[in-house]
Amino acid sequence: MTRTACFRIEGRLPCMNDIINVARTNRYGSAKLKKDTQEQLEWVMKATLAKDNRLGMQFPGHVVVEVQFFEDYGRNHRRDDDNVIGGGCKFILDAMQEIGLIKNDSLKYCHLKAERFTDFDGNPHILVKVTEDR
């Protein structure tokens with residue numbers, strides 16, 4: 001039986017443009033942005049795993065991580081796919097590695113599938129599914 005873990009993250013994550021703009025204004029700003037965002041994601045992931053009685057769950061081998069970004073259509077068209085996916089996936093993978101869910105986010109242990117969709121309901125969110133790759 002293949003094990004999976006699923007997460008729903010409400011709202012939007014900073015995109016690459018946000019990270020670059022913060023770095024331009026303050027030398028340590030992007031590091032703080034990454035730390036704060038990653039910490040927030042860790043809490044969401046731990047809470048979801050605890051609710052499903054899977055706290056402490058680990059995937060020691062290779063995994064497939066599917067990330068679906070649902071961006072608000074009416075709010076802003078300036079967030080390109082590459083900016084949203086690049087910035088968001090970095091935070092998500094690092095948070096999963098930090099809580100011990102995945103061993104590493106390198107190619108040896110992780111295959112990433114990321115897509116961006118338009119959310120016409122005005123409810124931006126992110127769905128993450130981690131599956132054991134046997």
# chains A, B, ... in the order shown; residues from 1 in each chain; ligands from 1
$ closest_atom_pairs --of "stretch 68-114 of chain A" --to "stretch 32-38 of chain A" --cutoff "9 Å" --atoms "only C-alpha atoms" --output "Markdown table"
| residue | atom | partner | partner_atom | distance |
| --- | --- | --- | --- | --- |
| A:Phe91 | CA | A:Gln38 | CA | 5.5 |
| A:Ile92 | CA | A:Gln38 | CA | 7.1 |
| A:Asp94 | CA | A:Gln38 | CA | 7.2 |
| A:Ala95 | CA | A:Gln38 | CA | 5.4 |
| A:Glu98 | CA | A:Gln38 | CA | 8.9 |
$ residues_around --residues "A:Arg134" --least-positions-apart "2" --cutoff "8 Å" --atoms "only C-alpha atoms" --output "compact mmCIF listing (two decimals) with N, CA, C and O atoms, in the first residue's frame"
# COMPACT_ATOMS: atom_id res chain seq x y z
N THR A 2 0.57 2.19 -0.84
CA THR A 2 1.34 3.42 -0.96
C THR A 2 0.86 4.44 0.07
O THR A 2 -0.33 4.70 0.19
N HIS A 62 12.34 7.66 -1.89
CA HIS A 62 11.95 8.60 -2.94
C HIS A 62 10.45 8.91 -2.88
O HIS A 62 9.65 8.01 -2.65
N GLU A 132 4.61 8.19 -1.64
CA GLU A 132 5.77 7.29 -1.71
C GLU A 132 5.93 6.80 -3.13
O GLU A 132 4.96 6.43 -3.79
$ atom_distance --atom1 "atom CA of A:Ile126" --atom2 "atom CA of A:Met45"
12.2 Å
$ atom_distance --atom1 "atom CA of A:Ile20" --atom2 "atom CA of A:Cys89"
15.7 Å
$ select_by_dssp --residues "stretch 31-104 of chain A" --states "strand (DSSP E or B)" --output "list in words"
Phe59, Val63, Val64, Val65, Glu66, Val67, Gln68, Phe69, Phe70, Glu71, Asp72 and Ile102 of chain A
$ decode --residues "stretch 54-68 of chain A" --atoms "N, CA and C atoms" --output "PDB file, in the first residue's frame"
ATOM      1  N   ARG A  54      -0.940  11.229  12.212  1.00  0.00           N
ATOM      2  CA  ARG A  54       0.264  10.858  11.475  1.00  0.00           C
ATOM      3  C   ARG A  54       1.463  11.703  11.883  1.00  0.00           C
ATOM      4  N   LEU A  55       1.390  12.365  13.015  1.00  0.00           N
ATOM      5  CA  LEU A  55       2.508  13.195  13.452  1.00  0.00           C
ATOM      6  C   LEU A  55       3.746  12.320  13.609  1.00  0.00           C
ATOM      7  N   GLY A  56       4.848  12.749  13.069  1.00  0.00           N
ATOM      8  CA  GLY A  56       6.073  11.951  13.083  1.00  0.00           C
ATOM      9  C   GLY A  56       6.217  11.080  11.850  1.00  0.00           C
ATOM     10  N   MET A  57       5.263  11.168  10.940  1.00  0.00           N
ATOM     11  CA  MET A  57       5.322  10.394   9.703  1.00  0.00           C
ATOM     12  C   MET A  57       6.549  10.813   8.903  1.00  0.00           C
ATOM     13  N   GLN A  58       7.224   9.817   8.307  1.00  0.00           N
ATOM     14  CA  GLN A  58       8.418  10.089   7.517  1.00  0.00           C
ATOM     15  C   GLN A  58       8.392   9.261   6.248  1.00  0.00           C
ATOM     16  N   PHE A  59       8.941   9.847   5.195  1.00  0.00           N
ATOM     17  CA  PHE A  59       9.133   9.146   3.937  1.00  0.00           C
ATOM     18  C   PHE A  59      10.642   9.019   3.737  1.00  0.00           C
ATOM     19  N   PRO A  60      11.244   7.874   4.096  1.00  0.00           N
ATOM     20  CA  PRO A  60      12.697   7.745   4.025  1.00  0.00           C
ATOM     21  C   PRO A  60      13.237   7.582   2.607  1.00  0.00           C
ATOM     22  N   GLY A  61      12.401   7.134   1.674  1.00  0.00           N
ATOM     23  CA  GLY A  61      12.858   6.915   0.307  1.00  0.00           C
ATOM     24  C   GLY A  61      12.405   8.010  -0.638  1.00  0.00           C
ATOM     25  N   HIS A  62      12.337   7.659  -1.894  1.00  0.00           N
ATOM     26  CA  HIS A  62      11.950   8.601  -2.938  1.00  0.00           C
ATOM     27  C   HIS A  62      10.451   8.906  -2.876  1.00  0.00           C
ATOM     28  N   VAL A  63      10.108  10.176  -3.066  1.00  0.00           N
ATOM     29  CA  VAL A  63       8.711  10.607  -3.041  1.00  0.00           C
ATOM     30  C   VAL A  63       8.388  11.442  -4.272  1.00  0.00           C
ATOM     31  N   VAL A  64       7.099  11.506  -4.577  1.00  0.00           N
ATOM     32  CA  VAL A  64       6.588  12.414  -5.601  1.00  0.00           C
ATOM     33  C   VAL A  64       5.784  13.474  -4.863  1.00  0.00           C
ATOM     34  N   VAL A  65       6.134  14.732  -5.073  1.00  0.00           N
ATOM     35  CA  VAL A  65       5.441  15.838  -4.425  1.00  0.00           C
ATOM     36  C   VAL A  65       4.660  16.603  -5.496  1.00  0.00           C
ATOM     37  N   GLU A  66       3.343  16.591  -5.364  1.00  0.00           N
ATOM     38  CA  GLU A  66       2.480  17.324  -6.291  1.00  0.00           C
ATOM     39  C   GLU A  66       1.992  18.586  -5.590  1.00  0.00           C
ATOM     40  N   VAL A  67       2.218  19.735  -6.217  1.00  0.00           N
ATOM     41  CA  VAL A  67       1.815  21.010  -5.641  1.00  0.00           C
ATOM     42  C   VAL A  67       0.923  21.715  -6.649  1.00  0.00           C
ATOM     43  N   GLN A  68      -0.267  22.094  -6.205  1.00  0.00           N
ATOM     44  CA  GLN A  68      -1.211  22.817  -7.054  1.00  0.00           C
ATOM     45  C   GLN A  68      -1.488  24.178  -6.425  1.00  0.00           C
TER      46      GLN A  68
END
